[in-house]
file final.pdb (PDB, N, CA and C atoms)
ATOM      1  N   MET N  20     -87.795  89.263  35.306
ATOM      2  CA  MET N  20     -87.970  88.654  34.015
ATOM      3  C   MET N  20     -86.643  88.039  33.575
ATOM      4  N   LYS N  21     -86.714  86.826  33.060
ATOM      5  CA  LYS N  21     -85.514  86.173  32.557
ATOM      6  C   LYS N  21     -85.463  86.323  31.044
ATOM      7  N   VAL N  22     -84.250  86.400  30.525
ATOM      8  CA  VAL N  22     -84.067  86.530  29.088
ATOM      9  C   VAL N  22     -82.974  85.569  28.646
ATOM     10  N   SER N  23     -83.135  85.021  27.457
ATOM     11  CA  SER N  23     -82.116  84.147  26.886
ATOM     12  C   SER N  23     -82.089  84.355  25.385
ATOM     13  N   LEU N  24     -81.005  83.908  24.754
ATOM     14  CA  LEU N  24     -80.931  83.970  23.305
ATOM     15  C   LEU N  24     -81.897  82.957  22.708
ATOM     16  N   ASN N  25     -82.438  83.289  21.563
ATOM     17  CA  ASN N  25     -83.296  82.366  20.849
ATOM     18  C   ASN N  25     -82.522  81.076  20.609
ATOM     19  N   ARG N  26     -83.139  79.923  20.818
ATOM     20  CA  ARG N  26     -82.422  78.655  20.727
ATOM     21  C   ARG N  26     -81.949  78.351  19.317
ATOM     22  N   PHE N  27     -82.491  79.023  18.320
ATOM     23  CA  PHE N  27     -82.057  78.817  16.942
ATOM     24  C   PHE N  27     -80.677  79.439  16.704
ATOM     25  N   LEU N  28     -80.356  80.480  17.468
ATOM     26  CA  LEU N  28     -79.094  81.195  17.280
ATOM     27  C   LEU N  28     -77.981  80.493  18.043
ATOM     28  N   LYS N  29     -76.850  80.321  17.415
ATOM     29  CA  LYS N  29     -75.756  79.557  18.022
ATOM     30  C   LYS N  29     -74.547  80.428  18.366
ATOM     31  N   MET N  30     -74.670  81.741  18.232
ATOM     32  CA  MET N  30     -73.533  82.631  18.494
ATOM     33  C   MET N  30     -73.812  83.506  19.702
ATOM     34  N   ASN N  31     -72.749  83.973  20.347
ATOM     35  CA  ASN N  31     -72.878  84.939  21.432
ATOM     36  C   ASN N  31     -73.381  86.263  20.861
ATOM     37  N   LYS N  32     -74.079  87.031  21.677
ATOM     38  CA  LYS N  32     -74.514  88.371  21.296
ATOM     39  C   LYS N  32     -74.052  89.336  22.374
ATOM     40  N   GLN N  33     -73.419  90.397  21.951
ATOM     41  CA  GLN N  33     -72.966  91.418  22.896
ATOM     42  C   GLN N  33     -73.840  92.649  22.724
ATOM     43  N   VAL N  34     -74.322  93.187  23.842
ATOM     44  CA  VAL N  34     -75.203  94.341  23.842
ATOM     45  C   VAL N  34     -74.577  95.417  24.713
ATOM     46  N   HIS N  35     -74.538  96.639  24.219
ATOM     47  CA  HIS N  35     -74.040  97.773  24.989
ATOM     48  C   HIS N  35     -75.254  98.494  25.567
ATOM     49  N   THR N  36     -75.201  98.791  26.856
ATOM     50  CA  THR N  36     -76.351  99.425  27.496
ATOM     51  C   THR N  36     -75.927 100.235  28.704
ATOM     52  N   LEU N  37     -76.841 101.063  29.150
ATOM     53  CA  LEU N  37     -76.645 101.779  30.411
ATOM     54  C   LEU N  37     -77.322 100.970  31.505
ATOM     55  N   LEU N  38     -76.549 100.468  32.433
ATOM     56  CA  LEU N  38     -77.085  99.772  33.600
ATOM     57  C   LEU N  38     -76.517 100.457  34.831
ATOM     58  N   ASP N  39     -77.370 100.777  35.757
ATOM     59  CA  ASP N  39     -76.963 101.479  36.977
ATOM     60  C   ASP N  39     -76.221 102.771  36.649
ATOM     61  N   GLY N  40     -76.633 103.450  35.571
ATOM     62  CA  GLY N  40     -76.037 104.725  35.207
ATOM     63  C   GLY N  40     -74.676 104.630  34.549
ATOM     64  N   LYS N  41     -74.219 103.411  34.249
ATOM     65  CA  LYS N  41     -72.909 103.221  33.623
ATOM     66  C   LYS N  41     -73.075 102.467  32.309
ATOM     67  N   LEU N  42     -72.277 102.832  31.311
ATOM     68  CA  LEU N  42     -72.275 102.106  30.057
ATOM     69  C   LEU N  42     -71.598 100.764  30.277
ATOM     70  N   GLN N  43     -72.311  99.689  29.970
ATOM     71  CA  GLN N  43     -71.775  98.356  30.211
ATOM     72  C   GLN N  43     -72.013  97.468  28.995
ATOM     73  N   ASN N  44     -71.173  96.475  28.868
ATOM     74  CA  ASN N  44     -71.358  95.442  27.854
ATOM     75  C   ASN N  44     -71.988  94.234  28.518
ATOM     76  N   VAL N  45     -73.007  93.696  27.899
ATOM     77  CA  VAL N  45     -73.644  92.494  28.403
ATOM     78  C   VAL N  45     -73.479  91.428  27.325
ATOM     79  N   LEU N  46     -72.882  90.311  27.685
ATOM     80  CA  LEU N  46     -72.656  89.222  26.741
ATOM     81  C   LEU N  46     -73.647  88.110  27.025
ATOM     82  N   PHE N  47     -74.446  87.774  26.028
ATOM     83  CA  PHE N  47     -75.417  86.699  26.134
ATOM     84  C   PHE N  47     -74.853  85.479  25.421
ATOM     85  N   ARG N  48     -74.909  84.337  26.088
ATOM     86  CA  ARG N  48     -74.404  83.085  25.511
ATOM     87  C   ARG N  48     -75.583  82.141  25.258
ATOM     88  N   PRO N  49     -75.521  81.395  24.149
ATOM     89  CA  PRO N  49     -76.609  80.454  23.851
ATOM     90  C   PRO N  49     -76.779  79.424  24.966
ATOM     91  N   GLY N  50     -78.016  79.071  25.234
ATOM     92  CA  GLY N  50     -78.306  78.028  26.212
ATOM     93  C   GLY N  50     -78.323  78.492  27.658
ATOM     94  N   GLN N  51     -78.113  79.779  27.907
ATOM     95  CA  GLN N  51     -78.116  80.289  29.278
ATOM     96  C   GLN N  51     -79.225  81.327  29.436
ATOM     97  N   SER N  52     -79.860  81.356  30.601
ATOM     98  CA  SER N  52     -80.864  82.368  30.925
ATOM     99  C   SER N  52     -80.233  83.402  31.837
ATOM    100  N   TYR N  53     -80.694  84.623  31.716
ATOM    101  CA  TYR N  53     -80.138  85.722  32.507
ATOM    102  C   TYR N  53     -81.261  86.459  33.209
ATOM    103  N   GLN N  54     -81.031  86.757  34.476
ATOM    104  CA  GLN N  54     -81.943  87.582  35.256
ATOM    105  C   GLN N  54     -81.457  89.020  35.094
ATOM    106  N   LEU N  55     -82.278  89.864  34.488
ATOM    107  CA  LEU N  55     -81.860  91.243  34.230
ATOM    108  C   LEU N  55     -82.639  92.214  35.099
ATOM    109  N   PRO N  56     -82.032  93.364  35.374
ATOM    110  CA  PRO N  56     -82.745  94.371  36.152
ATOM    111  C   PRO N  56     -83.956  94.891  35.383
ATOM    112  N   GLU N  57     -84.942  95.362  36.108
ATOM    113  CA  GLU N  57     -86.157  95.876  35.483
ATOM    114  C   GLU N  57     -85.887  97.271  34.919
ATOM    115  N   ASP N  58     -85.265  97.331  33.789
ATOM    116  CA  ASP N  58     -84.998  98.585  33.092
ATOM    117  C   ASP N  58     -85.857  98.592  31.838
ATOM    118  N   GLU N  59     -86.887  99.421  31.840
ATOM    119  CA  GLU N  59     -87.875  99.424  30.762
ATOM    120  C   GLU N  59     -87.244  99.701  29.391
ATOM    121  N   ARG N  60     -86.324 100.663  29.328
ATOM    122  CA  ARG N  60     -85.691 100.998  28.042
ATOM    123  C   ARG N  60     -84.833  99.844  27.529
ATOM    124  N   PHE N  61     -84.106  99.197  28.426
ATOM    125  CA  PHE N  61     -83.256  98.079  28.034
ATOM    126  C   PHE N  61     -84.102  96.921  27.521
ATOM    127  N   MET N  62     -85.189  96.605  28.233
ATOM    128  CA  MET N  62     -86.069  95.519  27.803
ATOM    129  C   MET N  62     -86.709  95.835  26.449
ATOM    130  N   LYS N  63     -87.124  97.080  26.266
ATOM    131  CA  LYS N  63     -87.716  97.487  24.983
ATOM    132  C   LYS N  63     -86.698  97.314  23.856
ATOM    133  N   TYR N  64     -85.461  97.682  24.131
ATOM    134  CA  TYR N  64     -84.402  97.523  23.136
ATOM    135  C   TYR N  64     -84.184  96.046  22.809
ATOM    136  N   LEU N  65     -84.082  95.197  23.828
ATOM    137  CA  LEU N  65     -83.869  93.775  23.589
ATOM    138  C   LEU N  65     -85.020  93.164  22.795
ATOM    139  N   LYS N  66     -86.253  93.572  23.119
ATOM    140  CA  LYS N  66     -87.412  93.036  22.413
ATOM    141  C   LYS N  66     -87.450  93.468  20.951
ATOM    142  N   SER N  67     -86.800  94.577  20.635
ATOM    143  CA  SER N  67     -86.804  95.060  19.250
ATOM    144  C   SER N  67     -85.734  94.392  18.384
ATOM    145  N   GLN N  68     -84.837  93.645  19.000
ATOM    146  CA  GLN N  68     -83.732  93.037  18.260
ATOM    147  C   GLN N  68     -84.178  91.772  17.528
ATOM    148  N   ALA N  69     -83.742  91.654  16.270
ATOM    149  CA  ALA N  69     -84.046  90.461  15.479
ATOM    150  C   ALA N  69     -82.892  90.229  14.510
ATOM    151  N   ASP N  70     -82.644  88.961  14.247
ATOM    152  CA  ASP N  70     -81.650  88.597  13.240
ATOM    153  C   ASP N  70     -82.401  88.357  11.944
ATOM    154  N   LYS N  71     -81.825  88.818  10.835
ATOM    155  CA  LYS N  71     -82.523  88.635   9.570
ATOM    156  C   LYS N  71     -81.699  87.781   8.621
ATOM    157  N   TYR N  72     -82.433  86.998   7.848
ATOM    158  CA  TYR N  72     -81.832  86.065   6.901
ATOM    159  C   TYR N  72     -82.586  86.170   5.580
ATOM    160  N   PRO N  73     -81.916  85.957   4.459
ATOM    161  CA  PRO N  73     -82.623  85.921   3.174
ATOM    162  C   PRO N  73     -83.658  84.790   3.178
ATOM    163  N   PHE N  74     -84.775  85.028   2.558
ATOM    164  CA  PHE N  74     -85.860  84.052   2.528
ATOM    165  C   PHE N  74     -85.479  82.834   1.711
ATOM    166  N   THR N  75     -85.642  81.673   2.311
ATOM    167  CA  THR N  75     -85.612  80.405   1.584
ATOM    168  C   THR N  75     -86.709  79.539   2.195
ATOM    169  N   GLN N  76     -87.372  78.786   1.366
ATOM    170  CA  GLN N  76     -88.435  77.923   1.873
ATOM    171  C   GLN N  76     -87.860  76.858   2.799
ATOM    172  N   THR N  77     -86.639  76.432   2.533
ATOM    173  CA  THR N  77     -85.984  75.429   3.388
ATOM    174  C   THR N  77     -85.826  75.958   4.811
ATOM    175  N   LEU N  78     -85.393  77.212   4.935
ATOM    176  CA  LEU N  78     -85.234  77.809   6.264
ATOM    177  C   LEU N  78     -86.580  77.953   6.959
ATOM    178  N   VAL N  79     -87.592  78.400   6.233
ATOM    179  CA  VAL N  79     -88.933  78.535   6.820
ATOM    180  C   VAL N  79     -89.431  77.180   7.326
ATOM    181  N   ASP N  80     -89.248  76.145   6.518
ATOM    182  CA  ASP N  80     -89.676  74.806   6.927
ATOM    183  C   ASP N  80     -88.947  74.350   8.189
ATOM    184  N   GLU N  81     -87.645  74.620   8.264
ATOM    185  CA  GLU N  81     -86.855  74.222   9.437
ATOM    186  C   GLU N  81     -87.287  74.997  10.686
ATOM    187  N   LEU N  82     -87.530  76.296  10.539
ATOM    188  CA  LEU N  82     -87.990  77.099  11.678
ATOM    189  C   LEU N  82     -89.336  76.600  12.182
ATOM    190  N   GLU N  83     -90.227  76.281  11.265
ATOM    191  CA  GLU N  83     -91.541  75.785  11.668
ATOM    192  C   GLU N  83     -91.426  74.406  12.319
ATOM    193  N   ARG N  84     -90.542  73.564  11.810
ATOM    194  CA  ARG N  84     -90.334  72.245  12.398
ATOM    195  C   ARG N  84     -89.818  72.357  13.833
ATOM    196  N   LEU N  85     -88.921  73.352  14.067
ATOM    197  CA  LEU N  85     -88.348  73.558  15.398
ATOM    198  C   LEU N  85     -89.244  74.383  16.314
ATOM    199  N   GLY N  86     -90.303  74.972  15.771
ATOM    200  CA  GLY N  86     -91.201  75.801  16.573
ATOM    201  C   GLY N  86     -90.612  77.153  16.925
ATOM    202  N   VAL N  87     -89.745  77.689  16.056
ATOM    203  CA  VAL N  87     -89.111  78.984  16.299
ATOM    204  C   VAL N  87     -89.991  80.080  15.696
ATOM    205  N   LYS N  88     -90.366  81.063  16.520
ATOM    206  CA  LYS N  88     -91.171  82.178  16.029
ATOM    207  C   LYS N  88     -90.355  82.988  15.026
ATOM    208  N   HIS N  89     -91.013  83.423  13.974
ATOM    209  CA  HIS N  89     -90.345  84.225  12.953
ATOM    210  C   HIS N  89     -91.396  85.001  12.163
ATOM    211  N   THR N  90     -90.947  86.020  11.462
ATOM    212  CA  THR N  90     -91.830  86.755  10.567
ATOM    213  C   THR N  90     -91.134  86.875   9.218
ATOM    214  N   ILE N  91     -91.932  87.008   8.187
ATOM    215  CA  ILE N  91     -91.406  87.192   6.837
ATOM    216  C   ILE N  91     -91.863  88.559   6.368
ATOM    217  N   GLU N  92     -90.905  89.394   5.988
ATOM    218  CA  GLU N  92     -91.209  90.762   5.549
ATOM    219  C   GLU N  92     -90.400  91.068   4.305
ATOM    220  N   LEU N  93     -90.863  92.076   3.587
ATOM    221  CA  LEU N  93     -90.087  92.560   2.455
ATOM    222  C   LEU N  93     -88.939  93.406   2.977
ATOM    223  N   CYS N  94     -87.796  93.284   2.347
ATOM    224  CA  CYS N  94     -86.597  94.010   2.769
ATOM    225  C   CYS N  94     -86.801  95.509   2.570
ATOM    226  N   LYS N  95     -86.587  96.273   3.618
ATOM    227  CA  LYS N  95     -86.764  97.722   3.535
ATOM    228  C   LYS N  95     -85.566  98.403   2.885
ATOM    229  N   SER N  96     -84.385  97.829   3.054
ATOM    230  CA  SER N  96     -83.190  98.483   2.500
ATOM    231  C   SER N  96     -83.083  98.306   0.984
ATOM    232  N   CYS N  97     -83.760  97.314   0.420
ATOM    233  CA  CYS N  97     -83.710  97.136  -1.044
ATOM    234  C   CYS N  97     -85.072  97.449  -1.660
ATOM    235  N   LEU N  98     -85.864  98.246  -0.977
ATOM    236  CA  LEU N  98     -87.169  98.705  -1.462
ATOM    237  C   LEU N  98     -88.127  97.562  -1.785
ATOM    238  N   GLY N  99     -88.058  96.507  -0.991
ATOM    239  CA  GLY N  99     -89.018  95.427  -1.099
ATOM    240  C   GLY N  99     -88.784  94.438  -2.227
ATOM    241  N   ARG N 100     -87.592  94.409  -2.778
ATOM    242  CA  ARG N 100     -87.325  93.474  -3.880
ATOM    243  C   ARG N 100     -87.088  92.049  -3.387
ATOM    244  N   ARG N 101     -86.731  91.895  -2.116
ATOM    245  CA  ARG N 101     -86.442  90.568  -1.570
ATOM    246  C   ARG N 101     -87.242  90.354  -0.298
ATOM    247  N   LYS N 102     -87.551  89.099  -0.037
ATOM    248  CA  LYS N 102     -88.178  88.728   1.233
ATOM    249  C   LYS N 102     -87.068  88.401   2.224
ATOM    250  N   MET N 103     -87.305  88.753   3.478
ATOM    251  CA  MET N 103     -86.364  88.446   4.550
ATOM    252  C   MET N 103     -87.115  87.745   5.674
ATOM    253  N   ILE N 104     -86.410  86.873   6.370
ATOM    254  CA  ILE N 104     -86.956  86.181   7.537
ATOM    255  C   ILE N 104     -86.358  86.835   8.775
ATOM    256  N   PHE N 105     -87.202  87.290   9.675
ATOM    257  CA  PHE N 105     -86.761  87.924  10.916
ATOM    258  C   PHE N 105     -87.033  86.979  12.076
ATOM    259  N   ILE N 106     -85.990  86.700  12.845
ATOM    260  CA  ILE N 106     -86.088  85.828  14.010
ATOM    261  C   ILE N 106     -85.735  86.651  15.240
ATOM    262  N   PRO N 107     -86.641  86.741  16.228
ATOM    263  CA  PRO N 107     -86.315  87.505  17.433
ATOM    264  C   PRO N 107     -85.027  86.974  18.062
ATOM    265  N   THR N 108     -84.130  87.895  18.404
ATOM    266  CA  THR N 108     -82.840  87.512  18.972
ATOM    267  C   THR N 108     -82.996  86.958  20.375
ATOM    268  N   PHE N 109     -83.893  87.534  21.154
ATOM    269  CA  PHE N 109     -84.036  87.161  22.558
ATOM    270  C   PHE N 109     -85.404  86.572  22.840
ATOM    271  N   VAL N 110     -85.440  85.676  23.820
ATOM    272  CA  VAL N 110     -86.689  85.064  24.284
ATOM    273  C   VAL N 110     -86.873  85.500  25.729
ATOM    274  N   PHE N 111     -88.085  85.957  26.067
ATOM    275  CA  PHE N 111     -88.371  86.454  27.397
ATOM    276  C   PHE N 111     -89.305  85.490  28.104
ATOM    277  N   GLU N 112     -89.042  85.313  29.385
ATOM    278  CA  GLU N 112     -89.870  84.398  30.177
ATOM    279  C   GLU N 112     -90.224  85.104  31.480
ATOM    280  N   GLU N 113     -91.517  85.228  31.709
ATOM    281  CA  GLU N 113     -92.000  85.852  32.934
ATOM    282  C   GLU N 113     -91.739  84.902  34.090
ATOM    283  N   GLU N 114     -91.341  85.467  35.191
ATOM    284  CA  GLU N 114     -91.103  84.631  36.377
ATOM    285  C   GLU N 114     -92.421  84.302  37.037
ATOM    286  N   LYS N 115     -92.537  83.063  37.478
ATOM    287  CA  LYS N 115     -93.747  82.597  38.147
ATOM    288  C   LYS N 115     -93.672  82.937  39.617
ATOM    289  N   GLU N 116     -94.760  83.521  40.099
ATOM    290  CA  GLU N 116     -94.804  83.863  41.528
ATOM    291  C   GLU N 116     -95.291  82.650  42.323
ATOM    292  N   GLY N 117     -94.749  82.523  43.486
ATOM    293  CA  GLY N 117     -95.267  81.476  44.355
ATOM    294  C   GLY N 117     -94.217  80.548  44.701
TER     295      GLY N 117
END
call {"tool": "encode", "arguments": {"input": "final.pdb", "output": "structure tokens"}}
result
Amino acid sequence: MKVSLNRFLKMNKQVHTLLDGKLQNVLFRPGQSYQLPEDERFMKYLKSQADKYPFTQTLVDELERLGVKHTIELCKSCLGRRKMIFIPTFVFEEEKEG
């Protein structure tokens, strides 16, 4: 499985993980795809990562124009007083066989 940063994000992301039994830092750069080992826990962790931004209709319109997947939820840390936009940090692409 290949993984890359969401194209909306323009910054590097560093992830600390156990790979091959060793604690390692993995640096993801925008615009690059990475072939990662089949580590179920690591993939689950990456899939759970999202960047959050305060809700603005302008941002929602731009995300929809660009076709970037996102969700809008009430902020849990402020007891739902504000809306937040969550954008998945990583994009996963299944490898095609053949």
call {"tool": "select_by_dssp", "arguments": {"input": "final.pdb", "residues": "segment 52-84 of chain N", "states": "strand (DSSP E)", "output": "PyMOL selection string"}}
result
chain N and resi 52-54+69-73
call {"tool": "residues_around", "arguments": {"input": "final.pdb", "residues": "Ile104 of chain N", "least_positions_apart": "3", "cutoff": "12 Å", "atoms": "only C-alpha atoms", "output": "ChimeraX atom specification"}}
result
/N:69-80,82,87-94,101,107
call {"tool": "atom_distance", "arguments": {"input": "final.pdb", "atom1": "atom CA of Lys63 of chain N", "atom2": "atom N of Leu46 of chain N"}}
result
16.7 Å
call {"tool": "axis_aligned_box", "arguments": {"input": "final.pdb", "around": "segment 25-39 of chain N", "padding_each_side": "5 Å", "output": "AutoDock Vina command-line options"}}
result
--center_x -78.0 --center_y 90.6 --center_z 26.8 --size_x 20.5 --size_y 34.4 --size_z 30.3
call {"tool": "resolve_selection", "arguments": {"input": "final.pdb", "expression": "the PyMOL selection byres ((chain N and resi 24) around 6.5)", "output": "list of chain:residue names"}}
result
N:Val22, N:Ser23, N:Asn25, N:Arg26, N:Phe27, N:Leu28, N:Phe47, N:Arg48, N:Pro49, N:Gly50, N:Gln51, N:Ser52, N:Thr108, N:Phe109, N:Val110
call {"tool": "select_by_dssp", "arguments": {"input": "final.pdb", "residues": "chain N", "states": "helix (DSSP H, G or I)", "output": "PyMOL selection string"}}
result
chain N and resi 59-67+76-85
call {"tool": "atom_distance", "arguments": {"input": "final.pdb", "atom1": "atom CA of Glu81 of chain N", "atom2": "atom C of Gln68 of chain N"}}
result
19.5 Å
call {"tool": "atom_distance", "arguments": {"input": "final.pdb", "atom1": "atom N of Tyr64 of chain N", "atom2": "atom CA of Lys41 of chain N"}}
result
16.7 Å
call {"tool": "closest_residue", "arguments": {"input": "final.pdb", "among": "N:Lys21, N:Arg84, N:Lys95, N:Lys102", "to": "Leu55 of chain N", "atoms": "only C-alpha atoms"}}
result
N:Lys21
call {"tool": "residues_near_point", "arguments": {"input": "final.pdb", "point": "(-88.9, 92.4, 32.5)", "cutoff": "6.5 Å", "atoms": "all atoms listed in the file", "output": "ChimeraX atom specification"}}
result
/N:20-21,56-58,62
call {"tool": "residues_around", "arguments": {"input": "final.pdb", "residues": "Asn44 of chain N", "least_positions_apart": "3", "cutoff": "6.5 Å", "atoms": "all atoms listed in the file", "output": "PDB file with N, CA and C atoms, keeping the file's coordinate frame"}}
result
ATOM      1  N   GLN N  33     -73.419  90.397  21.951  1.00  0.00           N
ATOM      2  CA  GLN N  33     -72.966  91.418  22.896  1.00  0.00           C
ATOM      3  C   GLN N  33     -73.840  92.649  22.724  1.00  0.00           C
ATOM      4  N   VAL N  34     -74.322  93.187  23.842  1.00  0.00           N
ATOM      5  CA  VAL N  34     -75.203  94.341  23.842  1.00  0.00           C
ATOM      6  C   VAL N  34     -74.577  95.417  24.713  1.00  0.00           C
ATOM      7  N   HIS N  35     -74.538  96.639  24.219  1.00  0.00           N
ATOM      8  CA  HIS N  35     -74.040  97.773  24.989  1.00  0.00           C
ATOM      9  C   HIS N  35     -75.254  98.494  25.567  1.00  0.00           C
ATOM     10  N   THR N  36     -75.201  98.791  26.856  1.00  0.00           N
ATOM     11  CA  THR N  36     -76.351  99.425  27.496  1.00  0.00           C
ATOM     12  C   THR N  36     -75.927 100.235  28.704  1.00  0.00           C
TER      13      THR N  36
END
